[in-house]
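*Asks:* This is the structure I have questions about; it appears just below.
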Amino acid sequence: MKKAWILLPFLILTGCAEENIRRLDVEMYNADGDSLGTIKLEEQAKGVKLNVDLKGLPAGEHAIHIHDNGKCEPPDFKSAGDHFNPENKEHGLLHPKGAHSGDLPNLIVGDDGKVKEELMAPQVTLQEGKKSLFTKDGTSIVIHEGKDDGMSQPAGDSGDRIACGSISKDKKEE
Ligand SMILES: [Cu+2]
Ligand SMILES: [Zn+2]
């Protein structure tokens, strides 16, 4: 009897630890399968912070979104699905009926092909719930050839998908 009481709090703690993910590294790949670096996700009070540190991208402004399937199959990354949209909104940070939870500000890549930026995704979480990035099909981060105009449906007229990274609890690549 005594032993059971000692064990109980321990079991509760380990049970929580498994689901209570606060940080996650997402490795990004281009259409050739080369790694471009990582985007570090961090759970914060106001959503999930994305710490972008990538190289090997074309210079200029590029759309970046969280998509609603965790599969990144090159070269077109169509497998990543549509924008993560658990609240059924319209696309675009500038749209009056927006935005998708997966919509993010554009990335600005330097002439050297590198980008270091911090982005906030206020409508998602690494925890459980409707806005959780850990869905049945998984989620992913996709970078596009063009920029997101923040308004056009369904994806901001941002062009082809040029990089993709799966948001996965186990870091093994599929
Ligand atoms: Cu996208
Ligand atoms: Zn969108």
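Labeling convention for the structure tokens: chains A, B, ... as they appear, residues from 1 per chain, ligands from 1 in order of appearance.
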Within 8 Å of ligand 2 (counting only C-alpha atoms and all ligand atoms), which residues show up? I'd like them as an NGL selection string.
*Replies:* :A and (65 or 82-85 or 90-92 or 99-103 or 153-156)
*Asks:* Do you know which residues are at most 10 Å from Lys78 (chain A) counting only C-alpha atoms, after dropping those on the same chain fewer than 4 positions away, and could you put them as an mmCIF file with N, CA and C atoms, in the first residue's frame?
*Replies:*
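See out17.cif below for the written result:
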data_model
loop_
_atom_site.group_PDB
_atom_site.id
_atom_site.type_symbol
_atom_site.label_atom_id
_atom_site.label_comp_id
_atom_site.auth_asym_id
_atom_site.auth_seq_id
_atom_site.Cartn_x
_atom_site.Cartn_y
_atom_site.Cartn_z
ATOM 1 N N ASN A 69 0.281 18.615 -43.604
ATOM 2 C CA ASN A 69 0.685 17.213 -43.702
ATOM 3 C C ASN A 69 2.189 17.133 -43.448
ATOM 4 N N LYS A 71 4.379 15.102 -44.506
ATOM 5 C CA LYS A 71 5.218 14.439 -45.526
ATOM 6 C C LYS A 71 5.889 15.448 -46.448
ATOM 7 N N CYS A 72 7.205 15.385 -46.554
ATOM 8 C CA CYS A 72 7.963 16.255 -47.455
ATOM 9 C C CYS A 72 8.572 15.408 -48.566
ATOM 10 N N GLU A 73 7.846 15.239 -49.674
ATOM 11 C CA GLU A 73 8.369 14.440 -50.782
ATOM 12 C C GLU A 73 8.828 15.336 -51.915
ATOM 13 N N PRO A 74 10.160 15.350 -52.177
ATOM 14 C CA PRO A 74 10.672 16.157 -53.278
ATOM 15 C C PRO A 74 10.265 15.549 -54.611
ATOM 16 N N ASP A 82 -2.057 21.418 -47.665
ATOM 17 C CA ASP A 82 -2.411 22.845 -47.675
ATOM 18 C C ASP A 82 -1.896 23.521 -46.411
ATOM 19 N N VAL A 142 7.011 24.795 -45.007
ATOM 20 C CA VAL A 142 7.310 24.874 -46.438
ATOM 21 C C VAL A 142 7.746 26.287 -46.802
ATOM 22 N N ASP A 160 5.932 27.998 -56.532
ATOM 23 C CA ASP A 160 6.358 26.633 -56.232
ATOM 24 C C ASP A 160 6.935 26.498 -54.825
ATOM 25 N N ARG A 161 6.933 25.254 -54.370
ATOM 26 C CA ARG A 161 7.517 24.935 -53.064
ATOM 27 C C ARG A 161 8.979 24.544 -53.272
ATOM 28 N N CYS A 164 11.267 22.098 -47.676
ATOM 29 C CA CYS A 164 10.268 21.500 -46.795
ATOM 30 C C CYS A 164 10.953 20.813 -45.622
#
*Asks:* Rounded to one decimal in Å, what is the spacing between CA of Leu54 (chain A) and CA of His144 (chain A)?
*Replies:* 13.8 Å
*Asks:* Extract, using only C-alpha atoms, all DNA, RNA and protein residues at most 12 Å from Lys49 (chain A), discarding same-chain residues fewer than 4 positions from it, and format them as a list in words.
*Replies:*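 Selected residues are Arg22, Arg23, Leu24, Asp25, Ile39, Lys40, Leu41, Glu42, Glu43, Gln44, Ala45, Leu104, Glu117, Glu118, Leu119, Met120, Ala121, Pro122, Gln123, Val124, Thr125 and Leu126 of chain A.
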*Asks:* Print the selection's residues with N, CA and C atoms to a file, as a PDB file, in the first residue's frame.
*Replies:*
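Output below, filename out-v3.pdb:
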ATOM      1  N   ARG A  22       8.474  21.456 -25.539  1.00  0.00           N
ATOM      2  CA  ARG A  22       8.601  22.920 -25.604  1.00  0.00           C
ATOM      3  C   ARG A  22       9.527  23.364 -26.734  1.00  0.00           C
ATOM      4  N   ARG A  23      10.413  22.480 -27.153  1.00  0.00           N
ATOM      5  CA  ARG A  23      11.357  22.815 -28.224  1.00  0.00           C
ATOM      6  C   ARG A  23      11.457  21.678 -29.208  1.00  0.00           C
ATOM      7  N   LEU A  24      11.678  22.040 -30.463  1.00  0.00           N
ATOM      8  CA  LEU A  24      11.798  21.013 -31.500  1.00  0.00           C
ATOM      9  C   LEU A  24      12.590  21.584 -32.669  1.00  0.00           C
ATOM     10  N   ASP A  25      13.539  20.814 -33.167  1.00  0.00           N
ATOM     11  CA  ASP A  25      14.291  21.233 -34.344  1.00  0.00           C
ATOM     12  C   ASP A  25      13.662  20.651 -35.603  1.00  0.00           C
ATOM     13  N   ILE A  39      15.174  24.997 -38.516  1.00  0.00           N
ATOM     14  CA  ILE A  39      14.285  25.981 -37.904  1.00  0.00           C
ATOM     15  C   ILE A  39      13.950  25.438 -36.520  1.00  0.00           C
ATOM     16  N   LYS A  40      14.357  26.182 -35.494  1.00  0.00           N
ATOM     17  CA  LYS A  40      14.117  25.734 -34.127  1.00  0.00           C
ATOM     18  C   LYS A  40      12.782  26.278 -33.636  1.00  0.00           C
ATOM     19  N   LEU A  41      11.902  25.393 -33.231  1.00  0.00           N
ATOM     20  CA  LEU A  41      10.610  25.793 -32.692  1.00  0.00           C
ATOM     21  C   LEU A  41      10.690  25.860 -31.174  1.00  0.00           C
ATOM     22  N   GLU A  42      10.041  26.881 -30.612  1.00  0.00           N
ATOM     23  CA  GLU A  42      10.034  27.022 -29.158  1.00  0.00           C
ATOM     24  C   GLU A  42       8.663  27.472 -28.686  1.00  0.00           C
ATOM     25  N   GLU A  43       8.070  26.696 -27.800  1.00  0.00           N
ATOM     26  CA  GLU A  43       6.766  27.040 -27.233  1.00  0.00           C
ATOM     27  C   GLU A  43       6.915  28.250 -26.326  1.00  0.00           C
ATOM     28  N   GLN A  44       6.072  29.264 -26.551  1.00  0.00           N
ATOM     29  CA  GLN A  44       6.085  30.446 -25.699  1.00  0.00           C
ATOM     30  C   GLN A  44       4.659  30.778 -25.286  1.00  0.00           C
ATOM     31  N   ALA A  45       4.509  31.730 -24.377  1.00  0.00           N
ATOM     32  CA  ALA A  45       3.172  32.092 -23.893  1.00  0.00           C
ATOM     33  C   ALA A  45       2.286  32.556 -25.039  1.00  0.00           C
ATOM     34  N   LEU A 104       2.569  32.837 -42.098  1.00  0.00           N
ATOM     35  CA  LEU A 104       3.693  33.497 -41.424  1.00  0.00           C
ATOM     36  C   LEU A 104       4.173  34.672 -42.281  1.00  0.00           C
ATOM     37  N   GLU A 117      16.303  34.620 -39.013  1.00  0.00           N
ATOM     38  CA  GLU A 117      15.172  35.452 -38.596  1.00  0.00           C
ATOM     39  C   GLU A 117      14.388  34.749 -37.515  1.00  0.00           C
ATOM     40  N   GLU A 118      13.708  35.535 -36.694  1.00  0.00           N
ATOM     41  CA  GLU A 118      12.771  34.973 -35.725  1.00  0.00           C
ATOM     42  C   GLU A 118      11.356  35.324 -36.162  1.00  0.00           C
ATOM     43  N   LEU A 119      10.523  34.309 -36.294  1.00  0.00           N
ATOM     44  CA  LEU A 119       9.122  34.524 -36.658  1.00  0.00           C
ATOM     45  C   LEU A 119       8.245  34.010 -35.523  1.00  0.00           C
ATOM     46  N   MET A 120       7.065  34.598 -35.369  1.00  0.00           N
ATOM     47  CA  MET A 120       6.103  34.107 -34.380  1.00  0.00           C
ATOM     48  C   MET A 120       4.894  33.514 -35.094  1.00  0.00           C
ATOM     49  N   ALA A 121       4.470  32.355 -34.614  1.00  0.00           N
ATOM     50  CA  ALA A 121       3.213  31.747 -35.063  1.00  0.00           C
ATOM     51  C   ALA A 121       2.280  31.752 -33.856  1.00  0.00           C
ATOM     52  N   PRO A 122       1.478  32.814 -33.709  1.00  0.00           N
ATOM     53  CA  PRO A 122       0.677  32.964 -32.483  1.00  0.00           C
ATOM     54  C   PRO A 122      -0.492  31.994 -32.382  1.00  0.00           C
ATOM     55  N   GLN A 123      -0.883  31.367 -33.507  1.00  0.00           N
ATOM     56  CA  GLN A 123      -2.093  30.523 -33.518  1.00  0.00           C
ATOM     57  C   GLN A 123      -1.788  29.028 -33.477  1.00  0.00           C
ATOM     58  N   VAL A 124      -0.577  28.650 -33.056  1.00  0.00           N
ATOM     59  CA  VAL A 124      -0.266  27.224 -32.979  1.00  0.00           C
ATOM     60  C   VAL A 124       0.397  26.900 -31.653  1.00  0.00           C
ATOM     61  N   THR A 125       0.478  25.602 -31.346  1.00  0.00           N
ATOM     62  CA  THR A 125       1.122  25.171 -30.110  1.00  0.00           C
ATOM     63  C   THR A 125       1.821  23.825 -30.311  1.00  0.00           C
ATOM     64  N   LEU A 126       2.837  23.580 -29.493  1.00  0.00           N
ATOM     65  CA  LEU A 126       3.474  22.262 -29.470  1.00  0.00           C
ATOM     66  C   LEU A 126       2.792  21.359 -28.439  1.00  0.00           C
TER      67      LEU A 126
END
*Asks:* Restricting the calculation to only C-alpha atoms and all ligand atoms, which member of A:Thr38, A:Ser79, A:Gln127, A:Asn20 is positioned closest to ligand 1?
*Replies:*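 Distance minimum relative to ligand 1 lands on A:Ser79.
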*Asks:* Taking only C-alpha atoms and all ligand atoms into account, name the residue in A:Pro75, A:Gly113, A:Pro105, A:Gly138 that is nearest to ligand 1.
*Replies:*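 Closest to ligand 1, using only C-alpha atoms and all ligand atoms: A:Pro105.
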*Asks:* Restricting the calculation to only C-alpha atoms, which member of A:Ile64, A:Val115, A:Val109, A:Val48 is positioned closest to Ile162 (chain A)?
*Replies:* A:Ile64
*Asks:* Taking into account only C-alpha atoms and all ligand atoms, which residue in the set A:His62, A:Lys169, A:Lys114, A:Lys55 is nearest to ligand 1?
*Replies:* A:His62
*Asks:* In chain A, what's helix (DSSP H, G or I) per DSSP? Answer as a JSON list (two decimals) with C-alpha atoms, in the first residue's frame?
*Replies:*
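Resulting contents of selection-v9.json:
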[["chain", "number", "residue", "atom", "x", "y", "z"],
["A", 2, "LYS", "CA", 2.74, 2.43, 0.97],
["A", 3, "LYS", "CA", 4.72, 1.63, -2.16],
["A", 4, "ALA", "CA", 1.77, 2.44, -4.41],
["A", 5, "TRP", "CA", 1.55, 5.95, -2.98],
["A", 6, "ILE", "CA", 5.20, 6.56, -3.62],
["A", 7, "LEU", "CA", 4.99, 5.36, -7.21],
["A", 8, "LEU", "CA", 1.87, 7.29, -8.20],
["A", 9, "PRO", "CA", 3.35, 10.83, -8.40],
["A", 10, "PHE", "CA", 6.30, 9.44, -10.32],
["A", 11, "LEU", "CA", 4.05, 7.90, -12.97],
["A", 12, "ILE", "CA", 2.08, 11.13, -13.37],
["A", 13, "LEU", "CA", 5.27, 13.14, -13.85],
["A", 14, "THR", "CA", 6.74, 10.89, -16.52],
["A", 15, "GLY", "CA", 3.38, 10.73, -18.29],
["A", 16, "CYS", "CA", 3.31, 14.53, -18.61],
["A", 17, "ALA", "CA", 6.93, 14.85, -19.64],
["A", 18, "GLU", "CA", 6.29, 12.89, -22.80],
["A", 19, "GLU", "CA", 3.59, 15.27, -24.09],
["A", 78, "LYS", "CA", 2.88, 18.71, -52.85],
["A", 79, "SER", "CA", 2.70, 15.94, -50.23],
["A", 80, "ALA", "CA", 2.91, 18.63, -47.52]]
*Asks:* CA of Met28 (chain A) and CA of Asp53 (chain A), how far apart in Å?
*Replies:* 9.8 Å
*Asks:* What separation in Å, quoted to one decimal, exists between CA of Tyr29 (chain A) and CA of His67 (chain A)?
*Replies:*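 Those two atoms sit 14.8 Å apart.
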*Asks:* Just list as a PyMOL selection string whatever in region 63-111 of chain A DSSP marks as strand (DSSP E or B).
*Replies:* chain A and resi 64-67+83+90+98+103+107-109
*Asks:* Residues of the last selection are to be written out with N, CA and C atoms, as a PDB file, in the first residue's frame.
*Replies:*
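Result file follows (out-v7.pdb):
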ATOM      1  N   ILE A  64       6.744  31.600 -46.363  1.00  0.00           N
ATOM      2  CA  ILE A  64       6.987  30.436 -45.499  1.00  0.00           C
ATOM      3  C   ILE A  64       5.696  30.173 -44.733  1.00  0.00           C
ATOM      4  N   HIS A  65       5.263  28.912 -44.741  1.00  0.00           N
ATOM      5  CA  HIS A  65       4.013  28.550 -44.050  1.00  0.00           C
ATOM      6  C   HIS A  65       4.188  27.231 -43.315  1.00  0.00           C
ATOM      7  N   ILE A  66       3.285  27.025 -42.351  1.00  0.00           N
ATOM      8  CA  ILE A  66       3.144  25.695 -41.770  1.00  0.00           C
ATOM      9  C   ILE A  66       2.026  24.994 -42.539  1.00  0.00           C
ATOM     10  N   HIS A  67       2.321  23.825 -43.093  1.00  0.00           N
ATOM     11  CA  HIS A  67       1.347  23.069 -43.888  1.00  0.00           C
ATOM     12  C   HIS A  67       0.771  21.912 -43.072  1.00  0.00           C
ATOM     13  N   HIS A  83      -2.235  24.789 -46.273  1.00  0.00           N
ATOM     14  CA  HIS A  83      -1.827  25.514 -45.073  1.00  0.00           C
ATOM     15  C   HIS A  83      -2.553  24.961 -43.842  1.00  0.00           C
ATOM     16  N   GLU A  90      -9.688  32.206 -43.872  1.00  0.00           N
ATOM     17  CA  GLU A  90      -9.160  32.477 -45.207  1.00  0.00           C
ATOM     18  C   GLU A  90      -7.648  32.655 -45.123  1.00  0.00           C
ATOM     19  N   GLY A  98      -8.862  36.397 -42.388  1.00  0.00           N
ATOM     20  CA  GLY A  98      -7.710  35.531 -42.155  1.00  0.00           C
ATOM     21  C   GLY A  98      -7.324  35.555 -40.701  1.00  0.00           C
ATOM     22  N   ASP A 103      -0.103  30.577 -41.482  1.00  0.00           N
ATOM     23  CA  ASP A 103       0.441  31.718 -42.233  1.00  0.00           C
ATOM     24  C   ASP A 103       1.499  32.447 -41.414  1.00  0.00           C
ATOM     25  N   LEU A 107       9.984  35.502 -45.459  1.00  0.00           N
ATOM     26  CA  LEU A 107      11.409  35.468 -45.110  1.00  0.00           C
ATOM     27  C   LEU A 107      12.179  36.337 -46.093  1.00  0.00           C
ATOM     28  N   ILE A 108      13.186  37.055 -45.615  1.00  0.00           N
ATOM     29  CA  ILE A 108      14.053  37.815 -46.514  1.00  0.00           C
ATOM     30  C   ILE A 108      15.427  37.144 -46.532  1.00  0.00           C
ATOM     31  N   VAL A 109      15.760  36.558 -47.685  1.00  0.00           N
ATOM     32  CA  VAL A 109      17.039  35.855 -47.827  1.00  0.00           C
ATOM     33  C   VAL A 109      18.063  36.808 -48.435  1.00  0.00           C
TER      34      VAL A 109
END
*Asks:* Compare A:Pro96, A:Gly81, A:Pro58, A:Gly129 by their minimum atom-to-atom distance to ligand 1, counting only C-alpha atoms and all ligand atoms, and give me the closest one.
*Replies:*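 Ranking A:Pro96, A:Gly81, A:Pro58, A:Gly129 by distance to ligand 1, first place goes to A:Gly81.
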*Asks:* A:Ile167, A:Phe77, A:Asp157, A:Asp34: which is nearest Leu50 (chain A), counting only C-alpha atoms?
*Replies:*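 Counting only C-alpha atoms, the residue closest to Leu50 (chain A) is A:Ile167.
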*Asks:* What's around Gly150 (chain A) at 7 Å? Count only C-alpha atoms, leave out sequence neighbours fewer than 2 positions away in its own chain, and write the answer as an NGL selection string.
*Replies:* :A and (92-95 or 148 or 152 or 156)
*Asks:* Please produce a file of the residues just selected, as an mmCIF file, in the first residue's frame, where the atoms kept are C-alpha atoms.
*Replies:*
data_model
loop_
_atom_site.group_PDB
_atom_site.id
_atom_site.type_symbol
_atom_site.label_atom_id
_atom_site.label_comp_id
_atom_site.auth_asym_id
_atom_site.auth_seq_id
_atom_site.Cartn_x
_atom_site.Cartn_y
_atom_site.Cartn_z
ATOM 1 C CA GLY A 92 -3.440 35.795 -45.585
ATOM 2 C CA LEU A 93 -2.089 37.887 -42.733
ATOM 3 C CA LEU A 94 -3.639 40.920 -44.477
ATOM 4 C CA HIS A 95 -6.996 39.243 -45.204
ATOM 5 C CA ASP A 148 3.219 35.720 -50.066
ATOM 6 C CA SER A 152 -4.705 35.868 -52.551
ATOM 7 C CA GLY A 156 -0.863 34.065 -51.265
#
